[in-house]
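J.: So here's work.pdb (PDB, C-alpha atoms).
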```
MODEL        1
ATOM      1  CA  MET B   1    -156.026-205.686-101.320
ATOM      2  CA  ASN B   2    -153.484-202.897-101.271
ATOM      3  CA  LEU B   3    -150.028-203.266-102.763
ATOM      4  CA  LEU B   4    -148.162-203.620 -99.452
ATOM      5  CA  HIS B   5    -150.475-206.360 -98.246
ATOM      6  CA  THR B   6    -150.244-208.133-101.611
ATOM      7  CA  LEU B   7    -146.450-208.042-101.521
ATOM      8  CA  HIS B   8    -146.413-209.279 -97.926
ATOM      9  CA  ARG B   9    -148.745-212.149 -98.803
ATOM     10  CA  ALA B  10    -146.664-212.980-101.879
ATOM     11  CA  GLU B  11    -143.546-213.188 -99.685
ATOM     12  CA  GLN B  12    -145.291-215.502 -97.224
ATOM     13  CA  LEU B  13    -146.708-217.737 -99.933
ATOM     14  CA  GLY B  14    -143.450-217.674-101.900
ATOM     15  CA  THR B  15    -141.512-218.865 -98.856
ATOM     16  CA  GLU B  16    -144.016-221.669 -98.314
ATOM     17  CA  LEU B  17    -143.933-222.720-101.973
ATOM     18  CA  PHE B  18    -140.123-222.624-102.056
ATOM     19  CA  GLY B  19    -140.036-224.928 -99.022
ATOM     20  CA  GLU B  20    -142.373-227.354-100.769
ATOM     21  CA  ALA B  21    -140.410-227.253-104.047
ATOM     22  CA  ILE B  22    -136.889-227.801-102.694
ATOM     23  CA  ASP B  23    -135.722-231.330-101.987
ATOM     24  CA  ILE B  24    -132.840-230.438 -99.666
ATOM     25  CA  ASP B  25    -132.622-228.745 -96.254
ATOM     26  CA  LEU B  26    -132.267-225.143 -97.410
ATOM     27  CA  THR B  27    -134.264-222.022 -96.581
ATOM     28  CA  ARG B  28    -135.121-219.201 -98.931
ATOM     29  CA  GLN B  29    -132.748-216.892 -97.023
ATOM     30  CA  GLN B  30    -129.932-219.439 -97.309
ATOM     31  CA  ALA B  31    -130.619-219.660-101.044
ATOM     32  CA  ALA B  32    -130.432-215.860-101.321
ATOM     33  CA  ILE B  33    -127.081-215.880 -99.538
ATOM     34  CA  LEU B  34    -125.753-218.668-101.777
ATOM     35  CA  GLU B  35    -126.751-216.624-104.819
ATOM     36  CA  ALA B  36    -125.058-213.523-103.407
ATOM     37  CA  VAL B  37    -121.896-215.517-102.600
ATOM     38  CA  ARG B  38    -121.827-216.870-106.157
ATOM     39  CA  THR B  39    -122.175-213.368-107.569
ATOM     40  CA  ALA B  40    -119.613-211.814-105.232
ATOM     41  CA  SER B  41    -117.376-214.788-104.448
ATOM     42  CA  GLY B  42    -114.603-213.887-102.058
ATOM     43  CA  GLU B  43    -116.342-210.743-100.860
ATOM     44  CA  SER B  44    -116.840-209.921 -97.198
ATOM     45  CA  GLN B  45    -119.947-210.680 -95.191
ATOM     46  CA  THR B  46    -120.588-206.930 -95.188
ATOM     47  CA  LYS B  47    -120.959-207.061 -98.972
ATOM     48  CA  LEU B  48    -123.375-209.980 -98.564
ATOM     49  CA  VAL B  49    -125.460-207.883 -96.148
ATOM     50  CA  GLU B  50    -125.611-205.149 -98.793
ATOM     51  CA  ALA B  51    -126.461-207.611-101.579
ATOM     52  CA  THR B  52    -129.203-209.501 -99.720
ATOM     53  CA  GLY B  53    -130.735-206.908 -97.406
ATOM     54  CA  ILE B  54    -130.407-209.402 -94.545
ATOM     55  CA  ASP B  55    -129.186-207.701 -91.380
ATOM     56  CA  ARG B  56    -125.627-208.357 -90.224
ATOM     57  CA  SER B  57    -126.370-210.517 -87.175
ATOM     58  CA  THR B  58    -128.928-212.668 -89.012
ATOM     59  CA  LEU B  59    -126.587-213.113 -91.960
ATOM     60  CA  SER B  60    -123.706-214.090 -89.657
ATOM     61  CA  SER B  61    -125.887-216.687 -87.962
ATOM     62  CA  ILE B  62    -127.068-218.118 -91.283
ATOM     63  CA  VAL B  63    -123.505-218.225 -92.649
ATOM     64  CA  ARG B  64    -122.373-220.119 -89.519
ATOM     65  CA  ARG B  65    -125.115-222.722 -90.116
ATOM     66  CA  MET B  66    -124.133-222.947 -93.781
ATOM     67  CA  LEU B  67    -120.499-223.458 -92.747
ATOM     68  CA  LYS B  68    -121.567-226.415 -90.589
ATOM     69  CA  LYS B  69    -123.496-227.851 -93.551
ATOM     70  CA  GLY B  70    -120.420-227.465 -95.745
ATOM     71  CA  LEU B  71    -122.134-225.115 -98.221
ATOM     72  CA  VAL B  72    -119.697-222.218 -97.855
ATOM     73  CA  LYS B  73    -116.206-221.634 -96.581
ATOM     74  CA  ARG B  74    -114.950-218.536 -94.866
ATOM     75  CA  VAL B  75    -111.389-217.237 -94.724
ATOM     76  CA  ARG B  76    -109.819-214.074 -93.398
ATOM     77  CA  THR B  77    -109.145-211.486 -96.079
ATOM     78  CA  ARG B  78    -105.607-210.410 -96.855
ATOM     79  CA  ASN B  79    -106.372-206.709 -96.556
ATOM     80  CA  ASP B  80    -108.170-206.853 -93.202
ATOM     81  CA  ALA B  81    -107.631-209.692 -90.727
ATOM     82  CA  ARG B  82    -110.945-208.804 -89.034
ATOM     83  CA  THR B  83    -112.942-209.492 -92.195
ATOM     84  CA  TYR B  84    -114.028-212.828 -93.648
ATOM     85  CA  ALA B  85    -114.368-213.609 -97.332
ATOM     86  CA  VAL B  86    -117.084-216.163 -98.138
ATOM     87  CA  THR B  87    -116.989-218.607-101.062
ATOM     88  CA  LEU B  88    -119.112-221.548-102.186
ATOM     89  CA  THR B  89    -118.012-225.136-101.735
ATOM     90  CA  SER B  90    -118.934-227.832-104.256
ATOM     91  CA  ASP B  91    -121.859-228.774-101.984
ATOM     92  CA  GLY B  92    -122.851-225.111-101.955
ATOM     93  CA  ILE B  93    -122.850-225.040-105.756
ATOM     94  CA  ASP B  94    -125.088-228.120-105.801
ATOM     95  CA  ALA B  95    -127.410-226.534-103.228
ATOM     96  CA  LEU B  96    -127.592-223.354-105.298
ATOM     97  CA  LYS B  97    -128.605-225.365-108.368
ATOM     98  CA  ALA B  98    -131.361-227.056-106.360
ATOM     99  CA  ALA B  99    -132.456-223.677-104.972
ATOM    100  CA  ARG B 100    -132.680-222.134-108.433
ATOM    101  CA  LYS B 101    -134.818-225.027-109.659
ATOM    102  CA  ALA B 102    -137.066-224.752-106.591
ATOM    103  CA  ALA B 103    -137.347-220.971-107.004
ATOM    104  CA  VAL B 104    -138.556-221.329-110.593
ATOM    105  CA  GLU B 105    -141.186-223.869-109.526
ATOM    106  CA  ALA B 106    -142.237-221.731-106.540
ATOM    107  CA  GLU B 107    -142.567-218.660-108.760
ATOM    108  CA  LYS B 108    -144.713-220.569-111.267
ATOM    109  CA  GLN B 109    -147.024-221.707-108.467
ATOM    110  CA  LEU B 110    -147.047-218.254-106.886
ATOM    111  CA  VAL B 111    -148.183-216.609-110.119
ATOM    112  CA  LYS B 112    -150.878-219.268-110.523
ATOM    113  CA  GLN B 113    -152.166-218.644-107.001
ATOM    114  CA  MET B 114    -151.825-214.846-107.158
ATOM    115  CA  PRO B 115    -152.464-213.980-110.825
ATOM    116  CA  GLY B 116    -152.098-210.244-110.221
ATOM    117  CA  LEU B 117    -148.380-210.779-109.662
ATOM    118  CA  LYS B 118    -147.818-211.634-113.316
ATOM    119  CA  TYR B 119    -147.233-207.951-113.999
ATOM    120  CA  LEU B 120    -144.474-207.856-111.380
ATOM    121  CA  CYS B 121    -142.913-211.248-112.149
ATOM    122  CA  VAL B 122    -142.274-211.273-115.884
ATOM    123  CA  PRO B 123    -139.483-213.940-115.777
ATOM    124  CA  ALA B 124    -141.651-216.323-113.745
ATOM    125  CA  VAL B 125    -144.611-215.803-116.047
ATOM    126  CA  GLN B 126    -142.480-216.446-119.110
ATOM    127  CA  ALA B 127    -141.098-219.624-117.520
ATOM    128  CA  ALA B 128    -144.627-220.808-116.671
ATOM    129  CA  GLU B 129    -145.854-220.397-120.240
TER     130      GLU B 129
ENDMDL
END
```
Before we go any further, please render this structure as structure tokens.
T.:
Amino acid sequence: MNLLHTLHRAEQLGTELFGEAIDIDLTRQQAAILEAVRTASGESQTKLVEATGIDRSTLSSIVRRMLKKGLVKRVRTRNDARTYAVTLTSDGIDALKAARKAAVEAEKQLVKQMPGLKYLCVPAVQAAE
């Protein structure tokens, strides 16, 4: 298997394993956004696009769904009334904790199922040992 195919397969399997490991209704992309919001709390959605690599329209759609779930809140920024700043709610913090736990478990299982990844996933391998 070439590297690109291996990485693609790892992404597919990782998404599946994350879904099996998490005990709440949260996708891997939502978890990535929650992590980015935690890191850059109060930053604009544009900054979240840059941090996650998720395109603007997809990110906006996901953030709207997360708003409905009560995981994030969005307010207009003071400097630019056209821009929203996104922050975590207490439910969002709880969801992020669950996502981190699920990600560790998914990574452990991923490395077990695709042993060649251990050279790319040092933190997951160390956690699995």
J.: So, counting only C-alpha atoms, which residue among B:Ala36, B:Val86, B:Ile54, B:Leu26 is closest to Leu67 in chain B?
T.: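 Using only C-alpha atoms, Leu67 in chain B sits closest to B:Val86.
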J.: Rounded to one decimal place, report the CA of Leu17 in chain B-CA of Asn2 in chain B distance in Å.
T.: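 So the answer is 22.0 Å.
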J.: Build an axis-aligned box that encloses every atom of range 23-35 of chain B listed in the file, pad it by 3 Å on each side, and report its centre and edge lengths in Å to one decimal, as lines of an AutoDock Vina configuration file.
T.:
```
center_x = -130.7
center_y = -223.6
center_z = -100.5
size_x = 16.0
size_y = 21.5
size_z = 14.6
```
J.: Extract, using only C-alpha atoms, all DNA, RNA and protein residues at most 12 Å from range 70-79 of chain B, discarding same-chain residues fewer than 5 positions from it, and format them as a PyMOL selection string.
T.: chain B and resi 25-26+30-31+33-38+41-45+60+62-65+84-96
J.: I'd like the interatomic distance between CA of Asp23 in chain B and CA of Ala103 in chain B, to a tenth of an Å.
T.: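 Distance between the two atoms: 11.6 Å.
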J.: To one decimal place in Å, what is the distance between CA of Gln109 in chain B and CA of Gly14 in chain B?
T.: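 So the answer is 8.5 Å.
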J.: Can you tell me, as a ChimeraX atom specification, what residues are no more than 10 Å from Ala10 in chain B when counting all atoms listed in the file, ignoring any on the same chain fewer than 2 positions away?
T.: /B:4-8,12-16,107,110-111,113-114,117
J.: Just need range 105-119 of chain B in a file, please: all heavy atoms, as a short mmCIF file (atom, residue, chain, number, x, y, z; two decimals), in the first residue's frame.
T.:
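Written out: out.cif:
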```
data_model
loop_
_atom_site.label_atom_id
_atom_site.label_comp_id
_atom_site.auth_asym_id
_atom_site.auth_seq_id
_atom_site.Cartn_x
_atom_site.Cartn_y
_atom_site.Cartn_z
N GLU B 105 -8.91 6.41 22.71
CA GLU B 105 -9.30 5.01 22.51
C GLU B 105 -9.29 4.66 21.01
O GLU B 105 -8.80 3.58 20.63
CB GLU B 105 -10.69 4.74 23.09
CG GLU B 105 -11.13 3.31 22.99
CD GLU B 105 -10.18 2.32 23.66
OE1 GLU B 105 -9.57 2.65 24.69
OE2 GLU B 105 -10.03 1.21 23.12
N ALA B 106 -9.78 5.55 20.17
CA ALA B 106 -9.79 5.30 18.73
C ALA B 106 -8.37 5.18 18.20
O ALA B 106 -8.08 4.30 17.38
CB ALA B 106 -10.54 6.42 18.00
N GLU B 107 -7.47 6.03 18.67
CA GLU B 107 -6.08 5.97 18.23
C GLU B 107 -5.42 4.67 18.67
O GLU B 107 -4.66 4.07 17.90
CB GLU B 107 -5.30 7.18 18.74
CG GLU B 107 -5.69 8.46 18.02
CD GLU B 107 -5.07 9.70 18.64
OE1 GLU B 107 -4.30 9.59 19.61
OE2 GLU B 107 -5.37 10.79 18.13
N LYS B 108 -5.69 4.21 19.87
CA LYS B 108 -5.14 2.93 20.33
C LYS B 108 -5.60 1.81 19.41
O LYS B 108 -4.80 0.97 18.98
CB LYS B 108 -5.61 2.63 21.76
CG LYS B 108 -4.95 3.45 22.83
CD LYS B 108 -5.52 3.05 24.19
CE LYS B 108 -5.05 3.94 25.29
NZ LYS B 108 -5.65 3.57 26.59
N GLN B 109 -6.90 1.78 19.11
CA GLN B 109 -7.44 0.74 18.25
C GLN B 109 -6.91 0.86 16.82
O GLN B 109 -6.64 -0.15 16.16
CB GLN B 109 -8.98 0.79 18.25
CG GLN B 109 -9.61 0.43 19.57
CD GLN B 109 -9.19 -0.96 20.03
OE1 GLN B 109 -9.18 -1.91 19.25
NE2 GLN B 109 -8.82 -1.07 21.29
N LEU B 110 -6.76 2.09 16.35
CA LEU B 110 -6.25 2.32 15.00
C LEU B 110 -4.83 1.77 14.86
O LEU B 110 -4.52 1.09 13.88
CB LEU B 110 -6.29 3.81 14.67
CG LEU B 110 -5.85 4.24 13.28
CD1 LEU B 110 -6.76 3.63 12.22
CD2 LEU B 110 -5.86 5.75 13.17
N VAL B 111 -3.99 2.03 15.83
CA VAL B 111 -2.61 1.55 15.78
C VAL B 111 -2.57 0.02 15.87
O VAL B 111 -1.75 -0.63 15.22
CB VAL B 111 -1.76 2.21 16.89
CG1 VAL B 111 -0.40 1.55 17.01
CG2 VAL B 111 -1.61 3.70 16.60
N LYS B 112 -3.49 -0.56 16.63
CA LYS B 112 -3.57 -2.02 16.70
C LYS B 112 -3.96 -2.61 15.35
O LYS B 112 -3.44 -3.65 14.94
CB LYS B 112 -4.57 -2.47 17.76
CG LYS B 112 -4.07 -2.32 19.17
CD LYS B 112 -5.12 -2.79 20.16
CE LYS B 112 -4.67 -2.52 21.60
NZ LYS B 112 -5.72 -2.87 22.56
N GLN B 113 -4.90 -1.96 14.67
CA GLN B 113 -5.41 -2.49 13.40
C GLN B 113 -4.52 -2.14 12.21
O GLN B 113 -4.55 -2.84 11.19
CB GLN B 113 -6.84 -2.00 13.16
CG GLN B 113 -7.82 -2.59 14.16
CD GLN B 113 -9.24 -2.20 13.88
OE1 GLN B 113 -9.65 -2.10 12.74
NE2 GLN B 113 -10.02 -1.98 14.93
N MET B 114 -3.74 -1.08 12.34
CA MET B 114 -2.81 -0.66 11.28
C MET B 114 -1.45 -0.42 11.92
O MET B 114 -1.04 0.74 12.10
CB MET B 114 -3.34 0.60 10.58
CG MET B 114 -4.66 0.41 9.86
SD MET B 114 -5.20 1.90 8.98
CE MET B 114 -4.08 1.88 7.58
N PRO B 115 -0.73 -1.47 12.27
CA PRO B 115 0.51 -1.35 13.03
C PRO B 115 1.55 -0.44 12.40
O PRO B 115 2.35 0.17 13.12
CB PRO B 115 1.04 -2.79 13.11
CG PRO B 115 -0.10 -3.65 12.77
CD PRO B 115 -1.06 -2.85 11.95
N GLY B 116 1.55 -0.31 11.09
CA GLY B 116 2.51 0.57 10.43
C GLY B 116 2.37 2.03 10.82
O GLY B 116 3.30 2.82 10.66
N LEU B 117 1.23 2.40 11.37
CA LEU B 117 1.01 3.79 11.77
C LEU B 117 1.77 4.16 13.03
O LEU B 117 1.90 5.35 13.34
CB LEU B 117 -0.49 4.05 12.01
CG LEU B 117 -1.38 4.00 10.78
CD1 LEU B 117 -2.82 4.23 11.18
CD2 LEU B 117 -0.94 5.02 9.75
N LYS B 118 2.28 3.18 13.75
CA LYS B 118 2.94 3.49 15.03
C LYS B 118 4.09 4.46 14.85
O LYS B 118 4.41 5.22 15.75
CB LYS B 118 3.39 2.23 15.74
CG LYS B 118 4.46 1.46 15.06
CD LYS B 118 4.76 0.19 15.84
CE LYS B 118 5.75 -0.67 15.10
NZ LYS B 118 5.95 -1.92 15.80
N TYR B 119 4.67 4.50 13.68
CA TYR B 119 5.78 5.42 13.43
C TYR B 119 5.28 6.85 13.19
O TYR B 119 6.03 7.80 13.33
CB TYR B 119 6.61 4.93 12.25
CG TYR B 119 7.12 3.54 12.48
CD1 TYR B 119 6.57 2.46 11.80
CD2 TYR B 119 8.11 3.30 13.43
CE1 TYR B 119 7.03 1.17 12.04
CE2 TYR B 119 8.55 2.00 13.68
CZ TYR B 119 8.01 0.95 12.98
OH TYR B 119 8.44 -0.32 13.22
#
```
